[in-house]
Protein chains: 2
Amino acid sequence: MAQMISTIRNGVDTQQLFATIDAIREQPALGAFTFRATNRWINGAHNRSRMQGFYGAGREDDSRREAFVVDSGEPTVLLGTDTGPSAIEYLLHAVVACLTTTIAYCAAARKIRLTEIESTIEADMDVRGCFGVDDDVRNGTSQIRVTVRVAGDASADRLRTLVERAQERSAVLDMITNGVALTVESVTE
Amino acid sequence: MAQMISTIRNGVDTQQLFATIDAIREQPALGAFTFRATNRWINGAHNRSRMQGFYGAGREDDSRREAFVVDSGEPTVLLGTDTGPSAIEYLLHAVVACLTTTIAYCAAARKIRLTEIESTIEADMDVRGCFGVDDDVRNGTSQIRVTVRVAGDASADRLRTLVERAQERSAVLDMITNGVALTVESVTE
């Protein structure tokens, strides 16, 4: 009987992972992606986004049969009716989601089997900025703190190095710490 | 009979809005907020965040009876199983959600009744960065483009000015364009 060797580690197909890396090394154009979302205002602080198609690996990806739909809101104290997490909370989720996935993928590549990744994230923000009360206060958060607990079949040192490597490679951490050029075009006809 | 004058505009209670602005102008400490999320890895690119409590307006806010729960994932081409939007897509949602809410609130304050806010957002990203294929390529997106369509009972000029003002006041737009200090602490015992 042939021996079955699983290439899945941490839920990541490492054979596919290394094949993907080889493919974009050989054909850099395959690395170009464009991600998208559309958003529609419902009422007050309630609005809804849809994400489905994207461009990547040299073609328009139509593998998702349905759009993902997410709702935003604000709590009462910020004049909403709690129709969903606030935009800031979604941003915090994006940061820890990206860090967690990057840790799982990096560990898979490094042959570390993980049993746990748990994180907490918090951000301080003085809302006098975005409410226009004090122009010397910035609109957004002044500081984001993340604590991540990782467990698996590697030494504490190796796990710490893994988290550091993931932090260096996370797309969202790069964007939120270094900033991104952003343009807004308004259509009013 | 007493005449009822509604203070609700665009789903925003303008009386509460102006009272909130007055309150944080008089007591700046009320403007200090701390937002939070916790995230747990499930498998592969699948992880889940919860957002419930936060600190704000001088106290720990416990008005939300249940946590909001959101799931992340990656599409097949990025080694996931589509268990939810990707972290990048959540980030794009956070940007347009914040811009939309800020437009609705600013319009309410300026006595503009809106009938529509619809936006599309897209971000280009070369995944050679986050896959570690080329150190000269950044991990995150190089550019984010937003198009927002706004309609309501104001001139096209006034609506365009409204969008510009919201862009200047959006918390998430500030964070994503100017960057935020971020610390990651790892716990490995």
# chains A, B, ... in the order shown; residues from 1 in each chain; ligands from 1
call {"tool": "residues_around", "arguments": {"residues": "segment 93-107 of chain A", "least_positions_apart": "4", "cutoff": "9 Å", "atoms": "only C-alpha atoms", "output": "ChimeraX atom specification"}}
result
/A:9-12,14,17,88-89,111-114,117-121,146,148,150,159,162-163,165-167,169-173,176 /B:36-41,43-51,70-74,86-91,94,130
call {"tool": "atom_distance", "arguments": {"atom1": "atom CA of Thr147 of chain B", "atom2": "atom CA of Ala181 of chain A"}}
result
14.4 Å
call {"tool": "atom_distance", "arguments": {"atom1": "atom CA of Arg64 of chain B", "atom2": "atom CA of Thr34 of chain B"}}
result
15.2 Å
call {"tool": "closest_residue", "arguments": {"among": "B:Val77, B:Val137, B:Leu182, B:Ala67", "to": "Ala23 of chain A", "atoms": "only C-alpha atoms"}}
result
B:Val77
call {"tool": "select_by_dssp", "arguments": {"residues": "segment 66-177 of chain A", "states": "strand (DSSP E or B)", "output": "VMD selection string"}}
result
chain A and resid 68 to 72 114 to 126 143 to 152
call {"tool": "atom_distance", "arguments": {"atom1": "atom CA of Gly80 of chain B", "atom2": "atom CA of Ile42 of chain B"}}
result
12.1 Å
